[in-house]
file structure-v7.json (JSON, C-alpha atoms and all ligand atoms)
[["chain", "number", "residue", "atom", "x", "y", "z"],
["A", 10, "MET", "CA", 81.15, 105.48, 101.92],
["A", 11, "THR", "CA", 84.34, 107.47, 102.26],
["A", 12, "MET", "CA", 86.81, 106.68, 105.00],
["A", 13, "ARG", "CA", 85.67, 109.78, 106.87],
["A", 14, "GLU", "CA", 82.02, 108.69, 106.70],
["A", 15, "GLN", "CA", 82.86, 105.19, 107.88],
["A", 16, "ILE", "CA", 84.89, 106.51, 110.80],
["A", 17, "GLU", "CA", 82.22, 109.00, 111.78],
["A", 18, "ALA", "CA", 79.58, 106.25, 111.69],
["A", 19, "ALA", "CA", 81.75, 103.98, 113.86],
["A", 20, "ALA", "CA", 82.60, 106.82, 116.26],
["A", 21, "ALA", "CA", 78.90, 107.61, 116.77],
["A", 22, "ARG", "CA", 78.60, 104.35, 118.72],
["A", 23, "TYR", "CA", 81.02, 105.58, 121.41],
["A", 24, "PRO", "CA", 80.36, 108.22, 124.06],
["A", 25, "ASP", "CA", 84.08, 109.05, 124.13],
["A", 26, "GLN", "CA", 85.87, 109.62, 120.81],
["A", 27, "ARG", "CA", 89.09, 108.25, 122.25],
["A", 28, "SER", "CA", 87.37, 104.84, 122.49],
["A", 29, "ALA", "CA", 86.72, 104.96, 118.76],
["A", 30, "ILE", "CA", 90.39, 105.11, 117.80],
["A", 31, "MET", "CA", 90.77, 101.33, 117.43],
["A", 32, "PRO", "CA", 87.79, 100.83, 115.08],
["A", 33, "ALA", "CA", 88.82, 103.97, 113.20],
["A", 34, "LEU", "CA", 92.30, 102.55, 112.64],
["A", 35, "VAL", "CA", 90.82, 99.28, 111.41],
["A", 36, "ILE", "CA", 88.78, 101.23, 108.86],
["A", 37, "ALA", "CA", 91.75, 103.40, 107.83],
["A", 38, "GLN", "CA", 93.98, 100.37, 107.35],
["A", 39, "ARG", "CA", 91.32, 98.61, 105.30],
["A", 40, "GLU", "CA", 91.19, 101.70, 103.07],
["A", 41, "HIS", "CA", 94.92, 102.35, 102.74],
["A", 42, "GLY", "CA", 96.55, 98.94, 103.31],
["A", 43, "HIS", "CA", 98.78, 100.39, 106.03],
["A", 44, "LEU", "CA", 98.89, 103.43, 108.28],
["A", 45, "PRO", "CA", 101.49, 106.04, 107.34],
["A", 46, "GLY", "CA", 101.78, 109.28, 109.33],
["A", 47, "PRO", "CA", 99.39, 111.36, 107.22],
["A", 48, "VAL", "CA", 96.67, 108.70, 107.56],
["A", 49, "LEU", "CA", 97.12, 108.60, 111.35],
["A", 50, "GLU", "CA", 96.84, 112.37, 111.47],
["A", 51, "GLU", "CA", 93.70, 112.25, 109.35],
["A", 52, "VAL", "CA", 92.16, 109.71, 111.74],
["A", 53, "ALA", "CA", 93.01, 111.96, 114.71],
["A", 54, "ASP", "CA", 91.50, 114.97, 112.96],
["A", 55, "ILE", "CA", 88.30, 113.13, 112.04],
["A", 56, "LEU", "CA", 87.84, 111.98, 115.64],
["A", 57, "GLY", "CA", 89.01, 115.27, 117.11],
["A", 58, "VAL", "CA", 91.47, 113.52, 119.44],
["A", 59, "GLU", "CA", 95.15, 114.05, 120.22],
["A", 60, "ARG", "CA", 97.40, 112.74, 117.45],
["A", 61, "ILE", "CA", 99.68, 111.10, 119.99],
["A", 62, "TRP", "CA", 96.79, 108.88, 121.18],
["A", 63, "VAL", "CA", 96.35, 107.59, 117.64],
["A", 64, "TYR", "CA", 100.09, 107.05, 117.19],
["A", 65, "GLU", "CA", 100.28, 105.18, 120.50],
["A", 66, "LEU", "CA", 97.63, 102.65, 119.52],
["A", 67, "ALA", "CA", 98.81, 102.26, 115.92],
["A", 68, "THR", "CA", 102.35, 101.48, 117.02],
["A", 69, "PHE", "CA", 101.42, 99.23, 119.97],
["A", 70, "TYR", "CA", 99.27, 96.58, 118.31],
["A", 71, "THR", "CA", 100.69, 94.17, 115.71],
["A", 72, "LEU", "CA", 97.24, 94.34, 114.13],
["A", 73, "PHE", "CA", 98.23, 97.69, 112.67],
["A", 74, "HIS", "CA", 100.95, 98.29, 110.08],
["A", 75, "ILE", "CA", 102.83, 101.55, 109.93],
["A", 76, "GLU", "CA", 104.92, 100.27, 107.03],
["A", 77, "PRO", "CA", 103.53, 98.62, 103.88],
["A", 78, "VAL", "CA", 103.12, 94.85, 104.16],
["A", 79, "GLY", "CA", 102.96, 92.17, 101.52],
["A", 80, "MET", "CA", 99.76, 90.86, 100.02],
["A", 81, "PHE", "CA", 99.85, 88.14, 102.69],
["A", 82, "HIS", "CA", 101.08, 89.07, 106.13],
["A", 83, "LEU", "CA", 102.33, 85.94, 107.87],
["A", 84, "GLN", "CA", 102.20, 86.54, 111.63],
["A", 85, "LEU", "CA", 103.71, 83.59, 113.43],
["A", 86, "CYS", "CA", 103.11, 83.41, 117.17],
["A", 87, "ASP", "CA", 106.31, 82.91, 119.15],
["A", 88, "ASN", "CA", 104.82, 83.08, 122.62],
["A", 89, "VAL", "CA", 105.13, 80.30, 125.19],
["A", 90, "SER", "CA", 102.65, 77.67, 123.98],
["A", 91, "CYS", "CA", 103.72, 78.03, 120.37],
["A", 92, "MET", "CA", 107.39, 78.17, 121.30],
["A", 93, "LEU", "CA", 106.99, 74.89, 123.20],
["A", 94, "ARG", "CA", 105.48, 73.41, 120.03],
["A", 95, "ARG", "CA", 108.56, 74.45, 118.05],
["A", 96, "SER", "CA", 107.46, 77.68, 116.41],
["A", 97, "GLU", "CA", 111.15, 78.59, 116.18],
["A", 98, "ASP", "CA", 111.70, 75.77, 113.69],
["A", 99, "LEU", "CA", 108.77, 77.05, 111.65],
["A", 100, "LEU", "CA", 110.20, 80.56, 111.65],
["A", 101, "ARG", "CA", 113.53, 79.25, 110.39],
["A", 102, "HIS", "CA", 111.74, 77.27, 107.70],
["A", 103, "LEU", "CA", 109.68, 80.28, 106.60],
["A", 104, "GLU", "CA", 112.78, 82.46, 106.45],
["A", 105, "GLU", "CA", 114.51, 79.84, 104.35],
["A", 106, "VAL", "CA", 111.74, 79.13, 101.84],
["A", 107, "LEU", "CA", 110.76, 82.79, 101.49],
["A", 108, "GLY", "CA", 114.35, 84.02, 101.37],
["A", 109, "ILE", "CA", 113.67, 86.81, 103.87],
["A", 110, "LYS", "CA", 114.27, 87.45, 107.54],
["A", 111, "LYS", "CA", 111.64, 88.14, 110.17],
["A", 112, "GLY", "CA", 110.23, 91.61, 109.50],
["A", 113, "GLY", "CA", 111.00, 91.38, 105.80],
["A", 114, "THR", "CA", 108.87, 91.29, 102.68],
["A", 115, "THR", "CA", 109.54, 89.15, 99.63],
["A", 116, "PRO", "CA", 110.67, 91.15, 96.58],
["A", 117, "ASP", "CA", 107.49, 90.20, 94.70],
["A", 118, "GLY", "CA", 105.44, 91.86, 97.44],
["A", 119, "LEU", "CA", 103.56, 88.65, 98.21],
["A", 120, "PHE", "CA", 104.67, 87.84, 101.76],
["A", 121, "THR", "CA", 105.64, 89.79, 104.85],
["A", 122, "LEU", "CA", 106.90, 87.67, 107.75],
["A", 123, "SER", "CA", 106.48, 88.75, 111.37],
["A", 124, "THR", "CA", 106.40, 87.15, 114.78],
["A", 125, "VAL", "CA", 103.70, 88.20, 117.23],
["A", 126, "GLU", "CA", 102.70, 87.68, 120.83],
["A", 127, "CYS", "CA", 100.03, 85.16, 121.84],
["A", 128, "LEU", "CA", 97.19, 85.07, 119.32],
["A", 129, "GLY", "CA", 94.82, 83.68, 121.94],
["A", 130, "ALA", "CA", 94.59, 80.32, 120.20],
["A", 131, "CYS", "CA", 97.12, 78.33, 122.23],
["A", 132, "GLU", "CA", 95.05, 75.15, 121.89],
["A", 133, "MET", "CA", 96.02, 75.16, 118.19],
["A", 134, "ALA", "CA", 99.72, 75.86, 118.80],
["A", 135, "PRO", "CA", 101.79, 76.51, 116.85],
["A", 136, "VAL", "CA", 99.61, 79.15, 115.23],
["A", 137, "MET", "CA", 100.07, 81.68, 112.45],
["A", 138, "GLN", "CA", 97.68, 84.43, 111.43],
["A", 139, "VAL", "CA", 97.37, 85.30, 107.75],
["A", 140, "GLY", "CA", 95.11, 88.29, 107.17],
["A", 141, "ASP", "CA", 92.06, 87.59, 109.31],
["A", 142, "GLU", "CA", 92.53, 83.82, 109.37],
["A", 143, "TYR", "CA", 94.25, 81.59, 111.89],
["A", 144, "HIS", "CA", 96.17, 78.49, 110.83],
["A", 145, "GLY", "CA", 96.93, 76.09, 113.66],
["A", 146, "HIS", "CA", 98.62, 72.80, 114.46],
["A", 147, "LEU", "CA", 101.29, 73.86, 111.99],
["A", 148, "ASP", "CA", 104.27, 71.88, 110.89],
["A", 149, "VAL", "CA", 106.64, 72.27, 107.96],
["A", 150, "ALA", "CA", 104.39, 70.33, 105.57],
["A", 151, "ARG", "CA", 101.35, 72.41, 106.50],
["A", 152, "ILE", "CA", 103.33, 75.62, 106.12],
["A", 153, "ASP", "CA", 104.44, 74.57, 102.63],
["A", 154, "ALA", "CA", 100.88, 73.67, 101.63],
["A", 155, "LEU", "CA", 99.63, 76.97, 103.00],
["A", 156, "LEU", "CA", 102.24, 78.96, 101.05],
["A", 157, "ASP", "CA", 101.30, 77.06, 97.89],
["A", 158, "SER", "CA", 97.63, 77.85, 98.35],
["A", 159, "LEU", "CA", 98.40, 81.52, 99.01],
["A", 160, "ARG", "CA", 100.53, 81.68, 95.86],
["A", 161, "ASP", "CA", 97.66, 80.09, 93.91],
["A", 162, "MET", "CA", 95.29, 82.66, 95.36],
["A", 163, "ALA", "CA", 97.64, 85.47, 94.35],
["A", 164, "SER", "CA", 97.96, 84.16, 90.81],
["A", 165, "GLU", "CA", 94.19, 84.35, 90.50],
["A", 166, "VAL", "CA", 94.34, 88.05, 91.23],
["A", 167, "GLU", "CA", 94.78, 89.66, 87.85],
["A", 168, "SER", "CA", 97.62, 91.96, 88.80],
["A", 169, "VAL", "CA", 99.38, 92.10, 92.11],
["A", 170, "GLU", "CA", 100.83, 95.55, 92.49],
["A", 171, "PRO", "CA", 104.52, 95.12, 93.26],
["A", 172, "ALA", "CA", 104.29, 98.04, 95.68],
["A", 173, "PHE", "CA", 102.56, 95.79, 98.18],
["A", 174, "ALA", "CA", 98.96, 95.09, 97.30],
["A", 175, "ARG", "CA", 96.53, 95.32, 100.18],
["A", 176, "PRO", "CA", 96.22, 92.07, 102.14],
["A", 177, "PRO", "CA", 92.78, 90.50, 101.73],
["A", 178, "GLY", "CA", 90.54, 91.02, 104.73],
["A", 179, "GLU", "CA", 92.81, 93.58, 106.34],
["B", 1, "LIG", "S1", 101.11, 81.18, 122.61],
["B", 1, "LIG", "FE1", 100.73, 81.07, 120.49],
["B", 1, "LIG", "S2", 98.58, 81.33, 120.36],
["B", 1, "LIG", "FE2", 98.99, 81.51, 122.47]]
call {"tool": "encode", "arguments": {"input": "structure-v7.json", "output": "structure tokens"}}
result
Amino acid sequence: MTMREQIEAAAARYPDQRSAIMPALVIAQREHGHLPGPVLEEVADILGVERIWVYELATFYTLFHIEPVGMFHLQLCDNVSCMLRRSEDLLRHLEEVLGIKKGGTTPDGLFTLSTVECLGACEMAPVMQVGDEYHGHLDVARIDALLDSLRDMASEVESVEPAFARPPGE
């Protein structure tokens, strides 16, 4: 199915097209990897809603990416529970081992590092989301093991496009 067909099918479940913006953005991001302006406008046109409504949602939620992200988007929670369990140390460690700052992407296009608000999994603090998966009870050793496994996963992909391959599951 084309993106338009998927969005129209999703939108048919809602009495108000404005309510379908979120699922439509999820579909569009799955198709394009991120959500540049022309894609947002296309989503608005398909749904027949104001473009500003689509922009508002796409720029509010960390779930959506206006800019390209790496193959693996590391979203470390820095809200209260995770902060109390030393997420700041983990952020520093990630910045050091990846050689990038928060908000950056590694030159090989593998990792983008972000911090996000509460992921709703405080019982596993500190928590990081990678694609659709949560990784909890993190410490430096677990972070290193996770990065190794993600690198292994990437090496199994025949060719990772340097211009930011689409994150799996996103
Ligand atoms: S504060 Fe980090 S998951 Fe809730």
call {"tool": "residues_near_ligand", "arguments": {"input": "structure-v7.json", "ligand": "ligand LIG 1 (chain B)", "cutoff": "7 Å", "atoms": "all atoms listed in the file", "output": "PDB file with C-alpha atoms, keeping the file's coordinate frame"}}
result
ATOM      1  CA  CYS A  86     103.110  83.410 117.170  1.00  0.00           C
ATOM      2  CA  ASP A  87     106.310  82.910 119.150  1.00  0.00           C
ATOM      3  CA  ASN A  88     104.820  83.080 122.620  1.00  0.00           C
ATOM      4  CA  VAL A  89     105.130  80.300 125.190  1.00  0.00           C
ATOM      5  CA  SER A  90     102.650  77.670 123.980  1.00  0.00           C
ATOM      6  CA  CYS A  91     103.720  78.030 120.370  1.00  0.00           C
ATOM      7  CA  GLU A 126     102.700  87.680 120.830  1.00  0.00           C
ATOM      8  CA  CYS A 127     100.030  85.160 121.840  1.00  0.00           C
ATOM      9  CA  LEU A 128      97.190  85.070 119.320  1.00  0.00           C
ATOM     10  CA  GLY A 129      94.820  83.680 121.940  1.00  0.00           C
ATOM     11  CA  ALA A 130      94.590  80.320 120.200  1.00  0.00           C
ATOM     12  CA  CYS A 131      97.120  78.330 122.230  1.00  0.00           C
ATOM     13  CA  ALA A 134      99.720  75.860 118.800  1.00  0.00           C
ATOM     14  CA  PRO A 135     101.790  76.510 116.850  1.00  0.00           C
ATOM     15  CA  VAL A 136      99.610  79.150 115.230  1.00  0.00           C
TER      16      VAL A 136
END
call {"tool": "closest_residue", "arguments": {"input": "structure-v7.json", "among": "A:Leu119, A:Leu72, A:Ile16, A:Met10", "to": "A:Ser164", "atoms": "all atoms listed in the file"}}
result
A:Leu119
call {"tool": "closest_residue", "arguments": {"input": "structure-v7.json", "among": "A:Met133, A:Leu103, A:Met80, A:Leu85", "to": "A:Gly118", "atoms": "only C-alpha atoms"}}
result
A:Met80
call {"tool": "closest_residue", "arguments": {"input": "structure-v7.json", "among": "A:Leu83, A:Ile152, A:Leu56, A:Leu66", "to": "A:Leu99", "atoms": "only C-alpha atoms"}}
result
A:Ile152
call {"tool": "atom_distance", "arguments": {"input": "structure-v7.json", "atom1": "atom CA of A:Thr121", "atom2": "atom CA of A:Arg13"}}
result
28.3 Å
call {"tool": "closest_residue", "arguments": {"input": "structure-v7.json", "among": "A:Leu122, A:Gly145, A:Met12, A:Gly79", "to": "A:Leu107", "atoms": "all atoms listed in the file"}}
result
A:Leu122
call {"tool": "atom_distance", "arguments": {"input": "structure-v7.json", "atom1": "atom CA of A:Leu147", "atom2": "atom CA of A:Asp98"}}
result
10.7 Å
call {"tool": "residues_around", "arguments": {"input": "structure-v7.json", "residues": "A:Leu34", "least_positions_apart": "3", "cutoff": "9 Å", "atoms": "only C-alpha atoms", "output": "short mmCIF file (atom, residue, chain, number, x, y, z; two decimals) with C-alpha atoms, keeping the file's coordinate frame"}}
result
data_model
loop_
_atom_site.label_atom_id
_atom_site.label_comp_id
_atom_site.auth_asym_id
_atom_site.auth_seq_id
_atom_site.Cartn_x
_atom_site.Cartn_y
_atom_site.Cartn_z
CA ILE A 16 84.89 106.51 110.80
CA ALA A 29 86.72 104.96 118.76
CA ILE A 30 90.39 105.11 117.80
CA MET A 31 90.77 101.33 117.43
CA ALA A 37 91.75 103.40 107.83
CA GLN A 38 93.98 100.37 107.35
CA ARG A 39 91.32 98.61 105.30
CA LEU A 44 98.89 103.43 108.28
CA LEU A 49 97.12 108.60 111.35
CA VAL A 52 92.16 109.71 111.74
CA VAL A 63 96.35 107.59 117.64
CA LEU A 66 97.63 102.65 119.52
CA ALA A 67 98.81 102.26 115.92
CA PHE A 73 98.23 97.69 112.67
#
call {"tool": "closest_residue", "arguments": {"input": "structure-v7.json", "among": "A:Phe69, A:Phe81, A:Trp62, A:Phe120", "to": "A:Gly140", "atoms": "all atoms listed in the file"}}
result
A:Phe81
call {"tool": "decode", "arguments": {"input": "structure-v7.json", "residues": "stretch 75-88 of chain A", "atoms": "all heavy atoms", "output": "JSON list (two decimals), in the first residue's frame"}}
result
[["chain", "number", "residue", "atom", "x", "y", "z"],
["A", 75, "ILE", "N", 11.92, 15.58, 12.74],
["A", 75, "ILE", "CA", 11.89, 16.53, 11.62],
["A", 75, "ILE", "C", 13.18, 16.41, 10.81],
["A", 75, "ILE", "O", 13.19, 16.54, 9.60],
["A", 75, "ILE", "CB", 11.71, 17.97, 12.14],
["A", 75, "ILE", "CG1", 10.41, 18.09, 12.95],
["A", 75, "ILE", "CG2", 11.72, 18.97, 10.99],
["A", 75, "ILE", "CD1", 9.16, 17.74, 12.17],
["A", 76, "GLU", "N", 14.27, 16.18, 11.54],
["A", 76, "GLU", "CA", 15.58, 16.02, 10.90],
["A", 76, "GLU", "C", 15.89, 14.54, 10.78],
["A", 76, "GLU", "O", 15.37, 13.73, 11.55],
["A", 76, "GLU", "CB", 16.67, 16.68, 11.76],
["A", 76, "GLU", "CG", 16.47, 18.17, 12.00],
["A", 76, "GLU", "CD", 16.66, 18.98, 10.72],
["A", 76, "GLU", "OE1", 17.38, 18.50, 9.82],
["A", 76, "GLU", "OE2", 16.07, 20.07, 10.63],
["A", 77, "PRO", "N", 16.77, 14.17, 9.83],
["A", 77, "PRO", "CA", 17.16, 12.76, 9.73],
["A", 77, "PRO", "C", 17.83, 12.29, 11.03],
["A", 77, "PRO", "O", 18.52, 13.07, 11.68],
["A", 77, "PRO", "CB", 18.18, 12.75, 8.58],
["A", 77, "PRO", "CG", 17.98, 14.02, 7.85],
["A", 77, "PRO", "CD", 17.44, 15.01, 8.83],
["A", 78, "VAL", "N", 17.59, 11.05, 11.38],
["A", 78, "VAL", "CA", 18.26, 10.47, 12.55],
["A", 78, "VAL", "C", 19.08, 9.27, 12.10],
["A", 78, "VAL", "O", 18.89, 8.75, 10.99],
["A", 78, "VAL", "CB", 17.26, 10.03, 13.64],
["A", 78, "VAL", "CG1", 16.55, 11.22, 14.25],
["A", 78, "VAL", "CG2", 16.25, 9.03, 13.08],
["A", 79, "GLY", "N", 19.99, 8.84, 12.97],
["A", 79, "GLY", "CA", 20.83, 7.71, 12.65],
["A", 79, "GLY", "C", 20.02, 6.42, 12.57],
["A", 79, "GLY", "O", 18.82, 6.38, 12.87],
["A", 80, "MET", "N", 20.71, 5.37, 12.17],
["A", 80, "MET", "CA", 20.03, 4.07, 12.07],
["A", 80, "MET", "C", 19.43, 3.68, 13.42],
["A", 80, "MET", "O", 18.35, 3.10, 13.48],
["A", 80, "MET", "CB", 21.06, 3.02, 11.63],
["A", 80, "MET", "CG", 20.47, 1.65, 11.40],
["A", 80, "MET", "SD", 21.76, 0.54, 10.80],
["A", 80, "MET", "CE", 20.76, -0.86, 10.29],
["A", 81, "PHE", "N", 20.15, 4.02, 14.50],
["A", 81, "PHE", "CA", 19.64, 3.76, 15.85],
["A", 81, "PHE", "C", 19.51, 5.09, 16.58],
["A", 81, "PHE", "O", 20.50, 5.80, 16.75],
["A", 81, "PHE", "CB", 20.59, 2.83, 16.62],
["A", 81, "PHE", "CG", 20.80, 1.51, 15.95],
["A", 81, "PHE", "CD1", 22.01, 1.23, 15.33],
["A", 81, "PHE", "CD2", 19.79, 0.56, 15.91],
["A", 81, "PHE", "CE1", 22.21, 0.02, 14.70],
["A", 81, "PHE", "CE2", 19.98, -0.66, 15.27],
["A", 81, "PHE", "CZ", 21.20, -0.93, 14.67],
["A", 82, "HIS", "N", 18.30, 5.39, 16.98],
["A", 82, "HIS", "CA", 18.07, 6.63, 17.72],
["A", 82, "HIS", "C", 18.05, 6.31, 19.21],
["A", 82, "HIS", "O", 17.13, 5.64, 19.69],
["A", 82, "HIS", "CB", 16.74, 7.26, 17.28],
["A", 82, "HIS", "CG", 16.54, 8.63, 17.81],
["A", 82, "HIS", "ND1", 15.35, 9.30, 17.73],
["A", 82, "HIS", "CD2", 17.39, 9.48, 18.42],
["A", 82, "HIS", "CE1", 15.48, 10.50, 18.27],
["A", 82, "HIS", "NE2", 16.70, 10.63, 18.70],
["A", 83, "LEU", "N", 19.07, 6.76, 19.90],
["A", 83, "LEU", "CA", 19.19, 6.50, 21.33],
["A", 83, "LEU", "C", 18.51, 7.64, 22.07],
["A", 83, "LEU", "O", 18.98, 8.78, 22.04],
["A", 83, "LEU", "CB", 20.66, 6.44, 21.74],
["A", 83, "LEU", "CG", 21.57, 5.55, 20.89],
["A", 83, "LEU", "CD1", 23.02, 5.67, 21.36],
["A", 83, "LEU", "CD2", 21.12, 4.10, 20.94],
["A", 84, "GLN", "N", 17.40, 7.34, 22.74],
["A", 84, "GLN", "CA", 16.63, 8.37, 23.44],
["A", 84, "GLN", "C", 16.68, 8.09, 24.94],
["A", 84, "GLN", "O", 15.93, 7.26, 25.45],
["A", 84, "GLN", "CB", 15.19, 8.40, 22.94],
["A", 84, "GLN", "CG", 15.12, 8.72, 21.44],
["A", 84, "GLN", "CD", 13.69, 8.81, 20.94],
["A", 84, "GLN", "OE1", 13.06, 9.86, 21.00],
["A", 84, "GLN", "NE2", 13.16, 7.71, 20.46],
["A", 85, "LEU", "N", 17.60, 8.78, 25.58],
["A", 85, "LEU", "CA", 17.82, 8.55, 27.01],
["A", 85, "LEU", "C", 16.90, 9.46, 27.82],
["A", 85, "LEU", "O", 16.89, 10.68, 27.61],
["A", 85, "LEU", "CB", 19.29, 8.88, 27.33],
["A", 85, "LEU", "CG", 19.72, 8.69, 28.78],
["A", 85, "LEU", "CD1", 19.71, 7.21, 29.18],
["A", 85, "LEU", "CD2", 21.12, 9.30, 29.00],
["A", 86, "CYS", "N", 16.16, 8.86, 28.73],
["A", 86, "CYS", "CA", 15.27, 9.65, 29.59],
["A", 86, "CYS", "C", 16.10, 10.41, 30.63],
["A", 86, "CYS", "O", 16.98, 9.83, 31.26],
["A", 86, "CYS", "CB", 14.27, 8.73, 30.29],
["A", 86, "CYS", "SG", 13.25, 9.62, 31.49],
["A", 87, "ASP", "N", 15.80, 11.71, 30.76],
["A", 87, "ASP", "CA", 16.51, 12.48, 31.79],
["A", 87, "ASP", "C", 15.53, 13.12, 32.76],
["A", 87, "ASP", "O", 15.83, 14.11, 33.39],
["A", 87, "ASP", "CB", 17.46, 13.52, 31.17],
["A", 87, "ASP", "CG", 16.73, 14.61, 30.42],
["A", 87, "ASP", "OD1", 15.49, 14.53, 30.27],
["A", 87, "ASP", "OD2", 17.39, 15.57, 29.97],
["A", 88, "ASN", "N", 14.35, 12.50, 32.86],
["A", 88, "ASN", "CA", 13.36, 13.02, 33.80],
["A", 88, "ASN", "C", 13.67, 12.51, 35.22],
["A", 88, "ASN", "O", 14.63, 11.77, 35.41],
["A", 88, "ASN", "CB", 11.96, 12.62, 33.35],
["A", 88, "ASN", "CG", 10.98, 13.74, 33.61],
["A", 88, "ASN", "OD1", 10.64, 14.00, 34.76],
["A", 88, "ASN", "ND2", 10.53, 14.39, 32.57]]
